[in-house]
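Note sheet for the following structure.
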2 protein chains.
Amino acid sequence: MASKDRLPVLNQINYFVEVARQQSYRSAAQQLGVSQPTLTSQIAALEKTLGVTLFERSRSGTQLSPQGRMLLEPAQEVLQASLRFSDLARTMADDSQTTYRLGVPSTLGPYLLPYVLPELHARFAKLKFYVRDAPPLQLEQGLLAGEFDLVISPMYSESSQIIAAELFVEPLKFVIPSDHRLAGQQFIEPADIKDESVLTLENSHHFHYQILDICNKLGAKVLRDYEGTSLDTLRQMVVMGMGVAFLPGLYIHSELHRPEALHVCELSNMPIVRRHSLVWRNTAPGRVFFRELAGHFREIIGQQLASAVKVLG
Amino acid sequence: MASKDRLPVLNQINYFVEVARQQSYRSAAQQLGVSQPTLTSQIAALEKTLGVTLFERSRSGTQLSPQGRMLLEPAQEVLQASLRFSDLARTMADDSQTTYRLGVPSTLGPYLLPYVLPELHARFAKLKFYVRDAPPLQLEQGLLAGEFDLVISPMYSESSQIIAAELFVEPLKFVIPSDHRLAGQQFIEPADIKDESVLTLENSHHFHYQILDICNKLGAKVLRDYEGTSLDTLRQMVVMGMGVAFLPGLYIHSELHRPEALHVCELSNMPIVRRHSLVWRNTAPGRVFFRELAGHFREIIGQQLASAVKVLG
DNA sequence: ATCTCGTGATAACTTTATTCTATCAGTGAC
DNA sequence: GTCACTGATAGAATAAAGTTATCACGAGAT
């Protein structure tokens with residue numbers, strides 16, 4: 001007869017609970033700030049969609065029907081669930097109180113984020129990141145596919161769907177074994193590197209191609225037989241005398257505090273660097289906040305890592 | 001700016017969940033059986049009331065925003081709560097699948113309901129009664145106050161707000177100690193009772209006044225110093241020789257199967273009875289079913305207790 | 001480059017819900 | 001009886017939800 005298969009209306013459920021509480025249409029109406037006929041018709045509508053009589057009305061008052069009595073608690077649960085829902089929404093109305101999926105290159109994340117995230121947390125207590133490592137190629141793909149909300153990447157491929165805010169420039173340091181013929185000097189002439197065997201990461205890393213490029217210019221040869229899977233293996237390979245390598249400044253800043261079997265230096269007059277940007281889709285709803293976020297990144301990096309990198313912006 | 005303090009609409013939450021599931025407005029629209037612009041405007045309305053952007057739209061598709069992602073599960077919980085609510089309502093749309101608060105006199109309930117409720121349960125598996133004992137006076141008050149939905153009572157006070165369906169007539173048996181001078185006879189002349197000491201229940205029971213009445217007519221005296229608090233104490237008092245008593249036929253039928261230190265008989269040519277009705281408020285939403293229920297009571301009592309009582313109706 | 005197809009957004013309109021004010025018709029207390 | 005109180009009803013105004021037709025943009029194939 002009645003009751004199409006339609007969902008009831010939360011507002012009506014709210015009315016129901018209030019009338020049940022007050023045992024009176026009129027006082028419930030006053031409490032709810034609506035007129036009494038509104039309640040009459042809305043409760044009637046709810047009863048129709050549910051197919052159940054909720055109240056026993058008499059000229060001398062109103063009370064719950066047996067069915068209404070049993071439905072009262074489930075109704076309150078619906079309202080509570082809806083309150084949880086909209087409360088959560090309200091707190092997240094502020095973009096700085098949400099959890100974002102942040103993608104970082106595995107050659108950067110572990111050496112950058114420990115310096116940044118604690119301070120960021122101090123500034124936005126409810127801002128959270130779900131951080132995932134990935135090679136830059138996958139980062140960009142993943143960003144476009146919606147697997148990430150934010151990505152820190154070198155931003156080598158420009159696309160109209162993507163917005164990048166430059167964060168900082170990171171030097172790549174030249175690393176050689178302590179017993180290498182060039183060890184001991186702080187600056188090395190690019191020409192001296194000719195014919196050196198340069199080790200790199202495996203080619204799923206953007207890092208790989210950058211090194212390839214540099215080596216081509218310098219005339220050094222890249223040892224492709226032994227490609228490291230992480231910066232740590234790369235370092236080990238250099239220590240073991242398998243060749244020389246370029247290692248990111250932040251890695252060295254983080255991991256090579258103590259003297260070791262390695263010598264770290266730079267090429268004179270030829271700064272080799274990585275550029276890092278904070279990247280997001282141009283359609284991302286958080287884009288305004290993301291831009292603000294990039295500012296905080298720069299600020300914090302400037303405070304924490306000024307000695308190791310050069311902040312942009 | 002946006003977001004008045006109003007409750008969201010379940011329908012919109014449902015739309016939200018479906019679009020999130022399909023990652024597409026169009027296919028979600030098809031799935032939901034509405035047009036695509038409806039979704040556009042309803043999702044936009046929901047976003048406005050929540051103050052949060054739920055989706056990241058692009059010309060090539062739709063996906064959840066970070067906030068929407070976190071709101072998806074709470075949204076589903078709201079829907080589930082609402083489904084539980086309306087499912088429960090649907091099953092209770094049938095008046096025979098609800099729990100009613102049934103009030104019975106304590107001098108009747110324990111001796112009647114065990115014969116009735118099992119068969120009633122067989123006929124209406126989901127029909128339940130929350131049974132409470134009370135003296136008939138409280139029963140009627142409680143019924144009017146809405147503390148009971150149904151009451152079995154003698155229905156001595158007629159009221160325009162109350163509807164009563166007569167169920168059956170129960171004889172009151174005359175009970176004397178086995179060693180009483182009148183013991184052994186099945187029928188006793190009313191005149192023989194003159195000057196006997198008759199025991200009764202305490203006066204909160206309607207039973208009390210009925211006995212008082214009978215005794216006045218018969219010229220018997222009522223022992224008011226010792227009033228029993230239950231039919232069982234009354235029986236014990238008779239066994240102990242403190243007097244004689246009238247006990248309800250159903251009590252005797254239930255409790256006195258085995259021969260005992262008691263003799264049970266009747267007054268000849270003077271049937272003493274209680275009448276029992278099923279009573280409810282004339283405004284009770286279940287009133288149609290209650291009338292039907294009264295029929296089932298009569299039927300079942302006729303089957304189970306024909307030897308002890310006389311069914312009416 | 002251009003075309004086509006698929007995306008969500010928009011406009012203009014219709015239908016359905018929601019709400020209001022004013023009024024009615026019983027009930028209960030005095 | 002009278003009066004104050006209930007919830008129900010009528011009719012009108014407003015708000016919300018739905019429709020069809022169309023647009024503008026991006027992606028992929030030609």
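Ordering of the structure tokens sets the chain letters (A, B, ...); residue numbers start at 1 within each chain; ligands are numbered from 1 in the order shown.
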
List as a PDB file with N, CA and C atoms (P, O5', C5', C4', C3', O3' and C1' of nucleotides), in the first residue's frame the protein and nucleic acid residues near range 15-27 of chain C, meaning an atom at most 10 Å away when only C-alpha atoms (C1' of nucleotides) are counted, but skip any in the same chain fewer than 5 places from it.
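Listing of part34.pdb after writing:
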```pdb
ATOM      1  N   VAL A  34       9.814  24.985  14.546  1.00  0.00           N
ATOM      2  CA  VAL A  34       8.912  24.910  13.393  1.00  0.00           C
ATOM      3  C   VAL A  34       7.484  24.983  13.909  1.00  0.00           C
ATOM      4  N   SER A  35       6.555  25.060  12.981  1.00  0.00           N
ATOM      5  CA  SER A  35       5.157  25.144  13.400  1.00  0.00           C
ATOM      6  C   SER A  35       4.607  23.749  13.663  1.00  0.00           C
ATOM      7  N   PRO A  37       1.743  22.304  12.620  1.00  0.00           N
ATOM      8  CA  PRO A  37       1.272  21.551  11.451  1.00  0.00           C
ATOM      9  C   PRO A  37       2.409  20.899  10.667  1.00  0.00           C
ATOM     10  N   THR A  38       3.569  21.546  10.687  1.00  0.00           N
ATOM     11  CA  THR A  38       4.720  20.932  10.017  1.00  0.00           C
ATOM     12  C   THR A  38       4.989  19.558  10.602  1.00  0.00           C
ATOM     13  N   LEU A  39       4.980  19.483  11.912  1.00  0.00           N
ATOM     14  CA  LEU A  39       5.228  18.187  12.533  1.00  0.00           C
ATOM     15  C   LEU A  39       4.127  17.202  12.170  1.00  0.00           C
ATOM     16  N   SER A  41       2.348  16.982   9.565  1.00  0.00           N
ATOM     17  CA  SER A  41       2.456  16.446   8.206  1.00  0.00           C
ATOM     18  C   SER A  41       3.746  15.666   8.005  1.00  0.00           C
ATOM     19  N   GLN A  42       4.828  16.105   8.633  1.00  0.00           N
ATOM     20  CA  GLN A  42       6.094  15.414   8.423  1.00  0.00           C
ATOM     21  C   GLN A  42       6.119  14.060   9.124  1.00  0.00           C
ATOM     22  N   SER A  58      -4.030  11.405  20.776  1.00  0.00           N
ATOM     23  CA  SER A  58      -5.360  11.617  21.319  1.00  0.00           C
ATOM     24  C   SER A  58      -5.477  13.114  21.566  1.00  0.00           C
ATOM     25  N   ARG A  59      -6.695  13.563  21.798  1.00  0.00           N
ATOM     26  CA  ARG A  59      -6.876  14.991  21.996  1.00  0.00           C
ATOM     27  C   ARG A  59      -6.191  15.442  23.270  1.00  0.00           C
ATOM     28  N   SER A  60      -5.841  14.494  24.091  1.00  0.00           N
ATOM     29  CA  SER A  60      -5.238  14.910  25.353  1.00  0.00           C
ATOM     30  C   SER A  60      -3.740  14.635  25.390  1.00  0.00           C
ATOM     31  N   GLY A  61      -3.166  14.359  24.265  1.00  0.00           N
ATOM     32  CA  GLY A  61      -1.720  14.159  24.280  1.00  0.00           C
ATOM     33  C   GLY A  61      -1.276  13.127  23.262  1.00  0.00           C
TER      34      GLY A  61
ATOM     35  P    DC D   5      -3.270  27.310  27.957  1.00  0.00           P
ATOM     36  O5'  DC D   5      -3.233  25.932  27.176  1.00  0.00           O
ATOM     37  C5'  DC D   5      -3.109  24.708  27.927  1.00  0.00           C
ATOM     38  C4'  DC D   5      -3.609  23.554  27.108  1.00  0.00           C
ATOM     39  C3'  DC D   5      -2.920  23.367  25.759  1.00  0.00           C
ATOM     40  O3'  DC D   5      -1.661  22.742  25.952  1.00  0.00           O
ATOM     41  C1'  DC D   5      -5.260  22.781  25.718  1.00  0.00           C
ATOM     42  P    DT D   6      -0.868  22.207  24.670  1.00  0.00           P
ATOM     43  O5'  DT D   6      -1.778  20.937  24.388  1.00  0.00           O
ATOM     44  C5'  DT D   6      -1.255  19.817  23.802  1.00  0.00           C
ATOM     45  C4'  DT D   6      -2.358  18.872  23.393  1.00  0.00           C
ATOM     46  C3'  DT D   6      -2.244  18.494  21.928  1.00  0.00           C
ATOM     47  O3'  DT D   6      -1.346  17.421  21.841  1.00  0.00           O
ATOM     48  C1'  DT D   6      -4.489  19.067  22.428  1.00  0.00           C
ATOM     49  P    DG D   7      -0.139  17.506  20.802  1.00  0.00           P
ATOM     50  O5'  DG D   7      -0.868  17.000  19.501  1.00  0.00           O
ATOM     51  C5'  DG D   7      -1.499  15.721  19.557  1.00  0.00           C
ATOM     52  C4'  DG D   7      -2.532  15.605  18.454  1.00  0.00           C
ATOM     53  C3'  DG D   7      -1.934  15.644  17.035  1.00  0.00           C
ATOM     54  O3'  DG D   7      -2.600  14.674  16.240  1.00  0.00           O
ATOM     55  C1'  DG D   7      -3.554  17.343  17.271  1.00  0.00           C
ATOM     56  P    DA D   8      -2.356  14.576  14.684  1.00  0.00           P
ATOM     57  O5'  DA D   8      -3.606  15.357  14.069  1.00  0.00           O
ATOM     58  C5'  DA D   8      -4.909  14.833  14.287  1.00  0.00           C
ATOM     59  C4'  DA D   8      -5.896  15.431  13.304  1.00  0.00           C
ATOM     60  C3'  DA D   8      -5.496  15.340  11.828  1.00  0.00           C
ATOM     61  O3'  DA D   8      -6.664  15.057  11.054  1.00  0.00           O
ATOM     62  C1'  DA D   8      -5.736  17.613  12.439  1.00  0.00           C
ATOM     63  P    DT D   9      -6.552  14.882   9.489  1.00  0.00           P
ATOM     64  O5'  DT D   9      -6.912  16.332   8.917  1.00  0.00           O
ATOM     65  C5'  DT D   9      -8.175  16.910   9.242  1.00  0.00           C
ATOM     66  C4'  DT D   9      -8.301  18.272   8.569  1.00  0.00           C
ATOM     67  C3'  DT D   9      -7.863  18.311   7.101  1.00  0.00           C
ATOM     68  O3'  DT D   9      -8.979  18.738   6.335  1.00  0.00           O
ATOM     69  C1'  DT D   9      -6.978  20.151   8.320  1.00  0.00           C
ATOM     70  P    DA D  10      -8.884  18.727   4.727  1.00  0.00           P
ATOM     71  O5'  DA D  10      -8.742  20.275   4.390  1.00  0.00           O
ATOM     72  C5'  DA D  10      -9.390  21.252   5.222  1.00  0.00           C
ATOM     73  C4'  DA D  10      -9.272  22.634   4.600  1.00  0.00           C
ATOM     74  C3'  DA D  10      -8.895  22.639   3.119  1.00  0.00           C
ATOM     75  O3'  DA D  10      -9.552  23.739   2.506  1.00  0.00           O
ATOM     76  C1'  DA D  10      -7.170  23.676   4.388  1.00  0.00           C
ATOM     77  P    DG D  11      -9.452  23.929   0.911  1.00  0.00           P
ATOM     78  O5'  DG D  11      -8.358  25.076   0.769  1.00  0.00           O
ATOM     79  C5'  DG D  11      -8.460  26.236   1.606  1.00  0.00           C
ATOM     80  C4'  DG D  11      -7.274  27.151   1.355  1.00  0.00           C
ATOM     81  C3'  DG D  11      -6.779  27.142  -0.101  1.00  0.00           C
ATOM     82  O3'  DG D  11      -6.405  28.467  -0.430  1.00  0.00           O
ATOM     83  C1'  DG D  11      -5.019  26.530   1.314  1.00  0.00           C
ATOM     84  P    DA D  12      -6.021  28.864  -1.933  1.00  0.00           P
ATOM     85  O5'  DA D  12      -4.645  29.615  -1.702  1.00  0.00           O
ATOM     86  C5'  DA D  12      -4.518  30.490  -0.560  1.00  0.00           C
ATOM     87  C4'  DA D  12      -3.048  30.701  -0.270  1.00  0.00           C
ATOM     88  C3'  DA D  12      -2.190  30.935  -1.515  1.00  0.00           C
ATOM     89  O3'  DA D  12      -1.397  32.090  -1.322  1.00  0.00           O
ATOM     90  C1'  DA D  12      -1.272  29.198  -0.195  1.00  0.00           C
ATOM     91  P    DA D  13      -0.404  32.606  -2.440  1.00  0.00           P
ATOM     92  O5'  DA D  13       1.005  32.252  -1.781  1.00  0.00           O
ATOM     93  C5'  DA D  13       1.256  32.698  -0.450  1.00  0.00           C
ATOM     94  C4'  DA D  13       2.645  32.255  -0.046  1.00  0.00           C
ATOM     95  C3'  DA D  13       3.735  32.554  -1.081  1.00  0.00           C
ATOM     96  O3'  DA D  13       4.885  33.017  -0.398  1.00  0.00           O
ATOM     97  C1'  DA D  13       3.686  30.228  -0.605  1.00  0.00           C
ATOM     98  P    DT D  14       6.155  33.549  -1.271  1.00  0.00           P
ATOM     99  O5'  DT D  14       7.196  32.352  -1.059  1.00  0.00           O
ATOM    100  C5'  DT D  14       7.182  31.739   0.205  1.00  0.00           C
ATOM    101  C4'  DT D  14       8.150  30.583   0.291  1.00  0.00           C
ATOM    102  C3'  DT D  14       9.420  30.673  -0.540  1.00  0.00           C
ATOM    103  O3'  DT D  14      10.471  30.449   0.376  1.00  0.00           O
ATOM    104  C1'  DT D  14       8.337  28.599  -0.908  1.00  0.00           C
ATOM    105  P    DA D  15      12.015  30.466  -0.121  1.00  0.00           P
ATOM    106  O5'  DA D  15      12.314  28.901  -0.202  1.00  0.00           O
ATOM    107  C5'  DA D  15      11.948  28.077   0.906  1.00  0.00           C
ATOM    108  C4'  DA D  15      12.303  26.643   0.596  1.00  0.00           C
ATOM    109  C3'  DA D  15      13.661  26.445  -0.080  1.00  0.00           C
ATOM    110  O3'  DA D  15      14.276  25.358   0.571  1.00  0.00           O
ATOM    111  C1'  DA D  15      11.978  25.436  -1.391  1.00  0.00           C
ATOM    112  P    DA D  16      15.784  24.910   0.173  1.00  0.00           P
ATOM    113  O5'  DA D  16      15.515  23.495  -0.503  1.00  0.00           O
ATOM    114  C5'  DA D  16      14.599  22.607   0.116  1.00  0.00           C
ATOM    115  C4'  DA D  16      14.305  21.448  -0.812  1.00  0.00           C
ATOM    116  C3'  DA D  16      15.533  20.856  -1.502  1.00  0.00           C
ATOM    117  O3'  DA D  16      15.494  19.471  -1.246  1.00  0.00           O
ATOM    118  C1'  DA D  16      13.829  21.302  -3.080  1.00  0.00           C
ATOM    119  P    DA D  17      16.658  18.504  -1.704  1.00  0.00           P
ATOM    120  O5'  DA D  17      16.018  17.861  -3.017  1.00  0.00           O
ATOM    121  C5'  DA D  17      14.788  17.171  -2.890  1.00  0.00           C
ATOM    122  C4'  DA D  17      14.342  16.659  -4.250  1.00  0.00           C
ATOM    123  C3'  DA D  17      15.452  15.987  -5.063  1.00  0.00           C
ATOM    124  O3'  DA D  17      14.938  14.764  -5.565  1.00  0.00           O
ATOM    125  C1'  DA D  17      14.417  17.683  -6.343  1.00  0.00           C
ATOM    126  P    DG D  18      15.892  13.772  -6.312  1.00  0.00           P
ATOM    127  O5'  DG D  18      15.462  13.976  -7.836  1.00  0.00           O
ATOM    128  C5'  DG D  18      14.244  13.394  -8.260  1.00  0.00           C
ATOM    129  C4'  DG D  18      13.756  14.072  -9.515  1.00  0.00           C
ATOM    130  C3'  DG D  18      14.665  13.901 -10.737  1.00  0.00           C
ATOM    131  O3'  DG D  18      14.334  12.715 -11.433  1.00  0.00           O
ATOM    132  C1'  DG D  18      13.728  16.110 -10.590  1.00  0.00           C
ATOM    133  P    DT D  19      15.223  12.339 -12.713  1.00  0.00           P
ATOM    134  O5'  DT D  19      14.653  13.252 -13.890  1.00  0.00           O
ATOM    135  C5'  DT D  19      13.300  13.077 -14.320  1.00  0.00           C
ATOM    136  C4'  DT D  19      12.944  14.159 -15.326  1.00  0.00           C
ATOM    137  C3'  DT D  19      13.830  14.180 -16.565  1.00  0.00           C
ATOM    138  O3'  DT D  19      13.289  13.319 -17.549  1.00  0.00           O
ATOM    139  C1'  DT D  19      13.438  16.402 -15.707  1.00  0.00           C
TER     140       DT D  19
END
```

Identify, with DSSP run on backbone atoms, the residues in range 32-77 of chain A assigned to strand (DSSP E), and express the list as a tab-separated table (two decimals) with N, CA and C atoms, in the first residue's frame.
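Contents of result07.tsv, as written:
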```
chain	number	residue	atom	x	y	z
A	55	PHE	N	2.98	7.07	16.40
A	55	PHE	CA	2.43	7.66	17.62
A	55	PHE	C	0.96	7.32	17.78
A	56	GLU	N	0.56	7.32	19.03
A	56	GLU	CA	-0.86	7.21	19.33
A	56	GLU	C	-1.31	8.59	19.73
A	57	ARG	N	-2.09	9.21	18.85
A	57	ARG	CA	-2.52	10.58	19.13
A	57	ARG	C	-3.87	10.53	19.83
A	58	SER	N	-4.03	11.41	20.78
A	58	SER	CA	-5.36	11.62	21.32
A	58	SER	C	-5.48	13.11	21.57
A	61	GLY	N	-3.17	14.36	24.26
A	61	GLY	CA	-1.72	14.16	24.28
A	61	GLY	C	-1.28	13.13	23.26
A	62	THR	N	0.01	12.91	23.24
A	62	THR	CA	0.60	12.01	22.25
A	62	THR	C	1.58	11.09	22.95
A	63	GLN	N	1.56	9.85	22.58
A	63	GLN	CA	2.60	8.96	23.07
A	63	GLN	C	3.00	7.98	22.00
A	64	LEU	N	4.14	7.35	22.20
A	64	LEU	CA	4.66	6.42	21.22
A	64	LEU	C	3.74	5.21	21.08
```

Shell of 12 Å around Gln80 in chain A, only C-alpha atoms (C1' of nucleotides), local chain residues under 2 positions omitted, as a PDB file with N, CA and C atoms, in the first residue's frame:
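Saved the output as around-v7.pdb:
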```
ATOM      1  N   LEU A  10      16.202  12.370   6.958  1.00  0.00           N
ATOM      2  CA  LEU A  10      16.791  12.555   8.281  1.00  0.00           C
ATOM      3  C   LEU A  10      16.018  13.572   9.103  1.00  0.00           C
ATOM      4  N   ILE A  13      13.169  12.010  10.702  1.00  0.00           N
ATOM      5  CA  ILE A  13      13.571  11.158  11.822  1.00  0.00           C
ATOM      6  C   ILE A  13      13.879  12.020  13.037  1.00  0.00           C
ATOM      7  N   ASN A  14      14.494  13.156  12.775  1.00  0.00           N
ATOM      8  CA  ASN A  14      14.771  14.087  13.864  1.00  0.00           C
ATOM      9  C   ASN A  14      13.476  14.550  14.512  1.00  0.00           C
ATOM     10  N   VAL A  17      12.056  11.766  16.726  1.00  0.00           N
ATOM     11  CA  VAL A  17      12.728  11.614  18.016  1.00  0.00           C
ATOM     12  C   VAL A  17      12.319  12.724  18.974  1.00  0.00           C
ATOM     13  N   GLU A  73      14.997   3.922  19.383  1.00  0.00           N
ATOM     14  CA  GLU A  73      16.446   3.788  19.546  1.00  0.00           C
ATOM     15  C   GLU A  73      17.168   3.674  18.201  1.00  0.00           C
ATOM     16  N   PRO A  74      16.704   2.805  17.308  1.00  0.00           N
ATOM     17  CA  PRO A  74      17.330   2.799  15.975  1.00  0.00           C
ATOM     18  C   PRO A  74      17.303   4.169  15.316  1.00  0.00           C
ATOM     19  N   ALA A  75      16.238   4.916  15.531  1.00  0.00           N
ATOM     20  CA  ALA A  75      16.163   6.249  14.937  1.00  0.00           C
ATOM     21  C   ALA A  75      17.259   7.140  15.502  1.00  0.00           C
ATOM     22  N   GLN A  76      17.449   7.049  16.809  1.00  0.00           N
ATOM     23  CA  GLN A  76      18.508   7.862  17.403  1.00  0.00           C
ATOM     24  C   GLN A  76      19.873   7.450  16.888  1.00  0.00           C
ATOM     25  N   GLU A  77      20.019   6.157  16.610  1.00  0.00           N
ATOM     26  CA  GLU A  77      21.297   5.717  16.052  1.00  0.00           C
ATOM     27  C   GLU A  77      21.527   6.303  14.672  1.00  0.00           C
ATOM     28  N   VAL A  78      20.475   6.385  13.895  1.00  0.00           N
ATOM     29  CA  VAL A  78      20.617   7.000  12.573  1.00  0.00           C
ATOM     30  C   VAL A  78      21.072   8.446  12.738  1.00  0.00           C
ATOM     31  N   SER A  82      24.563  10.200  11.577  1.00  0.00           N
ATOM     32  CA  SER A  82      24.571  11.365  10.695  1.00  0.00           C
ATOM     33  C   SER A  82      25.296  12.536  11.345  1.00  0.00           C
ATOM     34  N   LEU A  83      25.203  12.627  12.665  1.00  0.00           N
ATOM     35  CA  LEU A  83      25.939  13.694  13.342  1.00  0.00           C
ATOM     36  C   LEU A  83      27.436  13.444  13.255  1.00  0.00           C
ATOM     37  N   ARG A  84      27.841  12.212  13.494  1.00  0.00           N
ATOM     38  CA  ARG A  84      29.263  11.883  13.344  1.00  0.00           C
ATOM     39  C   ARG A  84      29.735  12.268  11.957  1.00  0.00           C
ATOM     40  N   PHE A  85      28.898  11.928  10.987  1.00  0.00           N
ATOM     41  CA  PHE A  85      29.247  12.202   9.596  1.00  0.00           C
ATOM     42  C   PHE A  85      29.443  13.694   9.365  1.00  0.00           C
ATOM     43  N   SER A  86      28.474  14.489   9.763  1.00  0.00           N
ATOM     44  CA  SER A  86      28.614  15.904   9.425  1.00  0.00           C
ATOM     45  C   SER A  86      29.599  16.623  10.347  1.00  0.00           C
ATOM     46  N   ASP A  87      29.788  16.102  11.535  1.00  0.00           N
ATOM     47  CA  ASP A  87      30.839  16.680  12.374  1.00  0.00           C
ATOM     48  C   ASP A  87      32.206  16.457  11.741  1.00  0.00           C
TER      49      ASP A  87
ATOM     50  N   LEU B   7      20.513  19.243   8.953  1.00  0.00           N
ATOM     51  CA  LEU B   7      20.881  17.853   8.701  1.00  0.00           C
ATOM     52  C   LEU B   7      21.009  17.626   7.206  1.00  0.00           C
ATOM     53  N   PRO B  74      32.071   6.751   6.994  1.00  0.00           N
ATOM     54  CA  PRO B  74      30.993   7.260   7.847  1.00  0.00           C
ATOM     55  C   PRO B  74      29.677   7.416   7.098  1.00  0.00           C
ATOM     56  N   ALA B  75      29.752   7.790   5.838  1.00  0.00           N
ATOM     57  CA  ALA B  75      28.518   7.933   5.059  1.00  0.00           C
ATOM     58  C   ALA B  75      27.829   6.583   4.921  1.00  0.00           C
ATOM     59  N   GLU B  77      28.043   4.210   6.940  1.00  0.00           N
ATOM     60  CA  GLU B  77      27.466   3.853   8.240  1.00  0.00           C
ATOM     61  C   GLU B  77      26.112   4.528   8.447  1.00  0.00           C
ATOM     62  N   VAL B  78      26.009   5.763   8.007  1.00  0.00           N
ATOM     63  CA  VAL B  78      24.721   6.435   8.117  1.00  0.00           C
ATOM     64  C   VAL B  78      23.672   5.665   7.328  1.00  0.00           C
ATOM     65  N   LEU B  79      24.036   5.285   6.111  1.00  0.00           N
ATOM     66  CA  LEU B  79      23.070   4.565   5.283  1.00  0.00           C
ATOM     67  C   LEU B  79      22.680   3.237   5.917  1.00  0.00           C
ATOM     68  N   ALA B  81      22.719   2.447   9.089  1.00  0.00           N
ATOM     69  CA  ALA B  81      21.834   2.699  10.228  1.00  0.00           C
ATOM     70  C   ALA B  81      20.430   2.985   9.732  1.00  0.00           C
ATOM     71  N   SER B  82      20.334   3.742   8.650  1.00  0.00           N
ATOM     72  CA  SER B  82      19.014   4.079   8.147  1.00  0.00           C
ATOM     73  C   SER B  82      18.331   2.850   7.548  1.00  0.00           C
TER      74      SER B  82
END
```

Any idea what's packed within 12 Å of range 120-130 of chain A, counting only C-alpha atoms (C1' of nucleotides), ignoring anything in its chain fewer than 5 positions away? Could you give it as a PyMOL selection string?
(chain A and resi 91-92+94-104+113-115+147-151+289-290+293-301+304) or (chain B and resi 66-67)

What separation in Å, quoted to one decimal, exists between CA of Ala308 in chain B and CA of Pro248 in chain B?
9.8 Å

What does the distance between CA of Leu247 in chain A and CA of Leu143 in chain A come to in Å, to one decimal place?
26.1 Å

If we count only C-alpha atoms (C1' of nucleotides) and set the cut-off at 9 Å, which residues sit around Ile162 in chain A, ignoring sequence neighbours fewer than 5 positions away in its own chain? Please answer as number ranges by chain.
A: 143-144, 279-283

Keeping C-alpha atoms, export the residues of the selection given above as a compact mmCIF listing (two decimals), in the first residue's frame.
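Okay, out-v9.txt is ready:
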```txt
# COMPACT_ATOMS: atom_id res chain seq x y z
CA LEU A 143 49.39 11.51 -9.25
CA LEU A 144 47.49 11.63 -12.52
CA VAL A 279 53.18 18.80 -7.36
CA TRP A 280 49.41 18.35 -7.55
CA ARG A 281 46.65 18.04 -10.09
CA ASN A 282 45.22 21.34 -11.24
CA THR A 283 41.77 19.98 -10.48
```

Write down as an NGL selection string the residues belonging to range 6-160 of chain A that are assigned helix (DSSP H, G or I) by DSSP computed on the backbone.
:A and (10-22 or 25-32 or 36-50 or 66-92 or 95-97 or 109-123 or 136-145)
